[in-house]
>>> print(open('input-v1.txt').read())   # compact mmCIF, C-alpha atoms and all ligand atoms
# COMPACT_ATOMS: atom_id res chain seq x y z
CA MET V 1 68.47 162.34 114.23
CA LYS V 2 69.98 160.60 117.21
CA LYS V 3 68.74 157.26 115.87
CA LEU V 4 70.46 157.85 112.50
CA LYS V 5 73.75 158.57 114.22
CA TRP V 6 73.59 155.24 116.04
CA ILE V 7 72.78 153.39 112.87
CA SER V 8 75.73 154.87 111.00
CA LEU V 9 78.05 154.20 113.92
CA PHE V 10 76.86 150.61 113.94
CA LEU V 11 77.45 150.35 110.18
CA VAL V 12 80.99 151.70 110.46
CA PHE V 13 81.71 149.23 113.25
CA THR V 14 80.39 146.23 111.26
CA LEU V 15 82.40 147.29 108.22
CA PHE V 16 85.49 147.54 110.40
CA LEU V 17 84.92 144.03 111.78
CA ALA V 18 84.34 142.62 108.33
CA ALA V 19 87.57 144.19 107.09
CA CYS V 20 89.54 142.70 110.00
CA GLY V 21 88.04 139.29 109.38
CA ASN V 22 88.90 139.39 105.71
CA SER V 23 92.48 140.45 106.08
CA GLU V 24 93.02 137.79 108.71
CA SER V 25 91.77 134.95 106.54
CA GLU V 26 93.71 136.24 103.54
CA THR V 27 97.03 136.18 105.37
CA SER V 28 96.49 132.74 106.79
CA ASP V 29 95.51 131.34 103.37
CA GLU V 30 98.60 132.79 101.84
CA GLY V 31 100.73 131.34 104.62
CA SER V 32 99.95 127.72 104.00
CA GLY V 33 99.38 128.03 100.25
CA SER V 34 102.59 129.60 99.09
CA SER V 35 105.09 127.86 101.33
CA GLY V 36 103.41 124.42 101.17
CA GLU V 37 105.05 123.71 104.51
CA ASN V 38 102.01 121.97 105.86
CA THR V 39 101.82 119.35 103.14
CA VAL V 40 103.19 115.98 104.18
CA TYR V 41 103.52 113.75 101.12
CA LYS V 42 102.62 110.10 101.61
CA VAL V 43 105.28 107.85 100.10
CA GLY V 44 104.45 104.24 99.23
CA ILE V 45 107.26 101.75 99.85
CA ASP V 46 107.77 97.98 99.60
CA THR V 47 109.69 97.10 102.77
CA THR V 48 110.48 93.53 101.72
CA TYR V 49 112.90 94.78 99.11
CA PRO V 50 116.49 95.09 100.35
CA PRO V 51 118.82 96.80 99.53
CA PHE V 52 116.26 99.39 98.34
CA GLU V 53 113.76 99.23 101.17
CA PHE V 54 113.72 97.18 104.34
CA GLU V 55 113.24 97.42 108.08
CA GLU V 56 116.12 97.32 110.52
CA ASN V 57 115.63 97.73 114.27
CA GLY V 58 112.12 99.02 113.64
CA GLU V 59 113.30 101.70 111.19
CA TYR V 60 112.90 101.90 107.44
CA THR V 61 116.23 101.87 105.67
CA GLY V 62 117.79 101.25 102.25
CA ILE V 63 118.78 103.05 99.05
CA ASP V 64 115.23 104.26 98.24
CA ILE V 65 114.58 105.43 101.80
CA ASP V 66 117.85 107.40 102.02
CA LEU V 67 117.35 108.82 98.54
CA ILE V 68 113.82 110.18 99.00
CA THR V 69 114.64 111.41 102.53
CA ALA V 70 117.62 113.40 101.22
CA ILE V 71 115.66 114.74 98.22
CA ALA V 72 112.84 115.91 100.54
CA GLU V 73 115.35 117.62 102.86
CA LYS V 74 117.11 119.36 99.99
CA GLN V 75 113.90 120.47 98.31
CA GLY V 76 112.06 121.41 101.52
CA PHE V 77 109.09 119.06 101.56
CA GLU V 78 107.92 116.62 104.19
CA ILE V 79 107.27 112.92 103.71
CA GLU V 80 105.66 110.07 105.59
CA PHE V 81 106.22 106.42 104.62
CA SER V 82 103.38 103.99 103.91
CA PRO V 83 104.63 100.40 103.67
CA MET V 84 102.58 97.97 101.56
CA ASP V 85 102.79 95.01 99.17
CA PHE V 86 104.27 96.18 95.87
CA GLY V 87 101.13 95.15 93.97
CA GLY V 88 99.05 97.55 96.08
CA ILE V 89 101.15 100.68 95.47
CA ILE V 90 99.83 101.93 92.12
CA PRO V 91 96.18 101.17 93.05
CA ALA V 92 96.72 103.11 96.32
CA MET V 93 98.11 106.05 94.35
CA GLN V 94 95.09 106.00 92.05
CA ALA V 95 92.78 105.91 95.08
CA GLY V 96 94.48 109.09 96.35
CA GLN V 97 96.06 107.35 99.37
CA LEU V 98 99.64 108.01 98.23
CA ASP V 99 101.36 111.00 96.62
CA VAL V 100 104.67 109.37 95.75
CA ALA V 101 106.01 105.84 95.26
CA ILE V 102 109.62 104.76 95.55
CA ALA V 103 109.77 100.99 95.60
CA GLY V 104 112.42 99.74 93.21
CA MET V 105 109.69 100.55 90.71
CA SER V 106 110.61 100.05 87.07
CA ILE V 107 109.66 102.68 84.54
CA THR V 108 107.26 101.08 82.04
CA ASP V 109 104.99 102.40 79.28
CA ASP V 110 101.99 100.77 80.90
CA ARG V 111 102.62 102.48 84.24
CA LYS V 112 103.24 105.77 82.45
CA LYS V 113 99.54 105.75 81.59
CA VAL V 114 98.68 106.24 85.27
CA VAL V 115 101.79 107.75 86.92
CA ASP V 116 104.51 110.25 86.04
CA PHE V 117 108.06 109.01 86.61
CA SER V 118 111.13 110.92 87.70
CA ASP V 119 114.35 110.60 85.74
CA PRO V 120 115.76 107.07 86.13
CA TYR V 121 117.85 106.56 89.27
CA PHE V 122 119.01 102.93 89.02
CA ASP V 123 119.63 100.30 86.30
CA ALA V 124 118.11 97.00 87.34
CA GLY V 125 116.77 94.40 84.87
CA LEU V 126 115.12 91.03 85.45
CA SER V 127 116.98 87.79 86.18
CA LEU V 128 116.02 84.14 86.28
CA VAL V 129 116.82 82.39 89.56
CA VAL V 130 116.89 78.64 90.31
CA GLN V 131 117.91 76.27 93.12
CA GLU V 132 121.68 76.19 93.55
CA GLY V 133 121.93 72.57 92.38
CA ASN V 134 119.74 73.03 89.30
CA THR V 135 121.46 72.19 86.02
CA ASP V 136 118.63 72.09 83.49
CA ILE V 137 117.70 75.79 83.38
CA GLU V 138 120.31 78.14 81.94
CA SER V 139 118.14 80.66 80.12
CA ALA V 140 114.55 81.53 79.17
CA ASP V 141 114.81 78.89 76.39
CA ASP V 142 114.83 76.14 79.02
CA LEU V 143 111.55 77.06 80.72
CA LYS V 144 109.14 74.75 78.85
CA GLY V 145 106.92 72.90 81.31
CA LYS V 146 108.46 74.71 84.29
CA LYS V 147 106.69 76.34 87.23
CA VAL V 148 107.68 80.00 87.45
CA ALA V 149 107.25 82.01 90.67
CA VAL V 150 106.69 85.78 90.36
CA LYS V 151 105.59 88.65 92.57
CA LYS V 152 102.19 90.26 91.98
CA GLY V 153 102.12 93.51 90.06
CA THR V 154 105.81 93.44 89.10
CA THR V 155 107.52 93.57 85.73
CA GLY V 156 108.63 89.98 86.43
CA ALA V 157 104.95 88.97 86.70
CA THR V 158 104.16 90.81 83.46
CA TYR V 159 107.04 89.07 81.68
CA ALA V 160 105.79 85.64 82.85
CA THR V 161 102.10 86.22 82.13
CA GLU V 162 102.75 87.74 78.69
CA ASN V 163 104.98 84.80 77.72
CA THR V 164 103.05 81.95 79.39
CA GLU V 165 102.07 80.27 76.13
CA LYS V 166 105.17 81.12 74.17
CA LEU V 167 107.45 79.68 76.86
CA GLY V 168 105.06 76.89 77.87
CA ILE V 169 105.25 77.73 81.58
CA GLU V 170 102.96 77.62 84.61
CA VAL V 171 102.94 80.87 86.60
CA VAL V 172 102.45 81.16 90.38
CA GLN V 173 102.15 84.60 92.00
CA PHE V 174 103.23 85.82 95.47
CA ASN V 175 102.66 89.03 97.44
CA ASP V 176 106.28 89.61 98.43
CA SER V 177 109.79 88.64 97.38
CA PRO V 178 110.79 86.50 100.42
CA ALA V 179 107.75 84.22 99.86
CA MET V 180 108.71 83.85 96.20
CA PHE V 181 112.36 83.02 97.07
CA GLN V 182 111.15 80.41 99.56
CA GLU V 183 108.99 78.70 96.93
CA VAL V 184 111.98 77.96 94.70
CA ALA V 185 114.37 77.24 97.59
CA ASN V 186 112.06 74.50 98.88
CA GLY V 187 111.44 73.08 95.41
CA ASN V 188 107.75 73.98 95.01
CA ALA V 189 108.55 76.05 91.93
CA ASP V 190 111.43 75.60 89.45
CA VAL V 191 112.42 79.17 88.81
CA LEU V 192 111.64 82.72 89.90
CA ILE V 193 111.97 86.11 88.26
CA GLU V 194 113.41 88.96 90.30
CA ASP V 195 115.28 92.23 89.73
CA TYR V 196 118.99 91.47 89.43
CA PRO V 197 120.30 93.86 92.14
CA VAL V 198 117.72 92.60 94.66
CA ILE V 199 118.37 88.89 94.20
CA ALA V 200 122.14 89.39 93.93
CA TYR V 201 122.06 91.28 97.26
CA ALA V 202 119.84 88.63 98.91
CA ILE V 203 122.14 85.79 97.80
CA ALA V 204 125.23 87.68 99.02
CA GLN V 205 123.59 88.34 102.42
CA LYS V 206 122.17 84.90 103.16
CA ASP V 207 122.63 81.34 102.07
CA LEU V 208 119.31 81.04 100.25
CA GLY V 209 120.26 77.95 98.24
CA LEU V 210 119.55 79.93 95.06
CA LYS V 211 121.59 81.06 92.05
CA ILE V 212 121.12 83.49 89.17
CA VAL V 213 121.20 82.01 85.65
CA GLY V 214 121.63 83.51 82.19
CA ASP V 215 121.64 87.11 81.03
CA ARG V 216 119.25 89.72 82.32
CA LEU V 217 115.88 89.44 80.56
CA ASN V 218 115.49 93.19 80.08
CA GLY V 219 116.95 96.59 80.96
CA ASP V 220 114.41 97.83 83.57
CA GLN V 221 115.32 101.16 85.17
CA TYR V 222 113.90 102.48 88.43
CA GLY V 223 112.00 105.75 88.72
CA ILE V 224 110.16 107.61 91.47
CA ALA V 225 106.44 107.85 90.67
CA VAL V 226 103.84 110.55 91.34
CA LEU V 227 100.21 110.43 90.26
CA LYS V 228 99.84 111.43 86.63
CA GLY V 229 99.28 115.12 85.99
CA GLU V 230 98.55 115.86 89.67
CA ASN V 231 101.96 116.61 91.09
CA THR V 232 104.06 118.30 88.42
CA GLU V 233 105.62 120.72 90.91
CA LEU V 234 106.57 117.90 93.25
CA LEU V 235 108.01 115.89 90.36
CA GLU V 236 110.19 118.85 89.39
CA LYS V 237 111.50 119.06 92.95
CA ILE V 238 112.24 115.33 92.93
CA ASN V 239 114.14 115.59 89.63
CA THR V 240 116.08 118.65 90.78
CA GLY V 241 116.97 117.00 94.08
CA LEU V 242 118.03 113.81 92.33
CA ALA V 243 120.22 115.68 89.83
CA GLU V 244 121.86 117.63 92.69
CA MET V 245 122.60 114.42 94.56
CA LYS V 246 124.18 112.84 91.49
CA GLU V 247 126.24 115.99 91.05
CA ASP V 248 127.43 116.48 94.65
CA GLY V 249 128.35 112.83 95.27
CA SER V 250 125.63 112.10 97.84
CA TYR V 251 123.88 109.71 95.43
CA ASP V 252 127.10 107.66 95.09
CA GLU V 253 127.56 107.71 98.85
CA ILE V 254 124.15 106.11 99.35
CA ILE V 255 124.79 103.47 96.68
CA ASN V 256 128.18 102.64 98.21
CA LYS V 257 126.71 102.47 101.70
CA TYR V 258 124.49 99.56 100.62
CA LEU V 259 126.30 98.03 97.65
CA GLY V 260 129.97 98.86 98.27
CA GLU V 261 132.35 96.07 99.22
N1 LIG O 1 111.16 96.50 89.58
C1 LIG O 1 110.03 95.63 89.64
C2 LIG O 1 108.80 96.37 89.19
O1 LIG O 1 108.80 97.57 89.11
C3 LIG O 1 109.82 95.03 91.03
C4 LIG O 1 109.62 96.03 92.11
C5 LIG O 1 109.37 95.44 93.48
O2 LIG O 1 109.17 94.22 93.60
N2 LIG O 1 109.40 96.26 94.51
O3 LIG O 1 107.81 95.78 88.89
>>> encode(input="input-v1.txt", output="structure tokens")
Amino acid sequence: MKKLKWISLFLVFTLFLAACGNSESETSDEGSGSSGENTVYKVGIDTTYPPFEFEENGEYTGIDIDLITAIAEKQGFEIEFSPMDFGGIIPAMQAGQLDVAIAGMSITDDRKKVVDFSDPYFDAGLSLVVQEGNTDIESADDLKGKKVAVKKGTTGATYATENTEKLGIEVVQFNDSPAMFQEVANGNADVLIEDYPVIAYAIAQKDLGLKIVGDRLNGDQYGIAVLKGENTELLEKINTGLAEMKEDGSYDEIINKYLGE
């Protein structure tokens, strides 16, 4: 009889412990799951891309940096920047090393196969750029036999490689924009293809010995990318934040900060 009493007491005690344990783990799960406060989203950036992304006094700065920082603050999520060559950004997303990319990245149908884009946030478009003294290239019709410098993984590179035969050009590829600018400035290549706002800003900032020629080659628009189908909630937050910023004037403030007179 005595033995039975002890056994039942022991059983009650173990049940009590199990109940405590359960309720504890349930609350802690709920805590991190519902608020999402512990998630820090990794954001891929191309820091050789002023005025969108660059480094100043050891800090990342630029239109893209200010934009995603403000969106994250407004929408209550945390971010951490991962700088890399532009060509490495989408592969890094696919490998699960990045959650978001903001890198002056143009919205294209090809990229839409692997990433989801936010609403467009900037109108860019590709331009042809030659040495300041060049007089024989005025448009894409004058490229026959010319050496064209492009940056790996960009829409400029796609334009050049898709039209290599049609235009009769030779294409050389670089990892970052400054290296590509240098190639034309020092005469190793005849022409380069870069996003209009980026090359216009670079020429206004520094005497690069380069000039833009002809009309823009296309109407590329920038979007913020998240991995396809994986981050729909995050994408909604990004779009809501972006729309709010366009509405309340903070988007214009950022643009004026970098591009205003
Ligand atoms: N807008 C171009 C693209 O998306 C170039 C971007 C960049 O060089 N950072 O391909």
>>> residues_around(input="input-v1.txt", residues="Val198 (chain V)", least_positions_apart="5", cutoff="8 Å", atoms="all atoms listed in the file", output="JSON, numbers by chain")
{"V": [49, 50, 51, 52]}
>>> write_last_selection(input="input-v1.txt", atoms="C-alpha atoms", output="tab-separated table (two decimals), in the coordinates of the input")
chain	number	residue	atom	x	y	z
V	49	TYR	CA	112.90	94.78	99.11
V	50	PRO	CA	116.49	95.09	100.35
V	51	PRO	CA	118.82	96.80	99.53
V	52	PHE	CA	116.26	99.39	98.34
>>> atom_distance(input="input-v1.txt", atom1="CA of Ile65 (chain V)", atom2="CA of Gly104 (chain V)")
10.5 Å
>>> closest_residue(input="input-v1.txt", among="V:Gln182, V:Ser106, V:Gln75, V:Asn239", to="ligand LIG 1 (chain O)", atoms="all atoms listed in the file")
V:Ser106
>>> closest_residue(input="input-v1.txt", among="V:Ala95, V:Val191, V:Val115, V:Val213", to="Thr232 (chain V)", atoms="only C-alpha atoms")
V:Val115
>>> residues_near_ligand(input="input-v1.txt", ligand="ligand LIG 1 (chain O)", cutoff="6 Å", atoms="only C-alpha atoms and all ligand atoms", output="PyMOL selection string")
chain V and resi 46+49+86+103-106+154-155+195
>>> closest_residue(input="input-v1.txt", among="V:Asp99, V:Leu67, V:Lys257, V:Leu210", to="Leu235 (chain V)", atoms="all atoms listed in the file")
V:Asp99
>>> atom_distance(input="input-v1.txt", atom1="CA of Ser127 (chain V)", atom2="CA of Asp66 (chain V)")
25.2 Å
>>> closest_residue(input="input-v1.txt", among="V:Leu98, V:Ile71, V:Ala124, V:Val40", to="Ala243 (chain V)", atoms="only C-alpha atoms")
V:Ile71
>>> atom_distance(input="input-v1.txt", atom1="CA of Leu143 (chain V)", atom2="CA of Leu217 (chain V)")
13.1 Å
>>> closest_residue(input="input-v1.txt", among="V:Glu138, V:Asp220, V:Glu162, V:Val129", to="Ile193 (chain V)", atoms="all atoms listed in the file")
V:Val129
>>> closest_residue(input="input-v1.txt", among="V:Glu56, V:Ile169, V:Ile63, V:Ile68", to="Lys42 (chain V)", atoms="all atoms listed in the file")
V:Ile68
>>> residues_around(input="input-v1.txt", residues="Val150 (chain V)", least_positions_apart="6", cutoff="9 Å", atoms="all atoms listed in the file", output="ChimeraX atom specification")
/V:156-158,160,171-177,180,191-194
>>> residues_around(input="input-v1.txt", residues="Ala92 (chain V)", least_positions_apart="3", cutoff="12 Å", atoms="all atoms listed in the file", output="PyMOL selection string")
chain V and resi 42-45+82-89+95-101+114-115+226-227
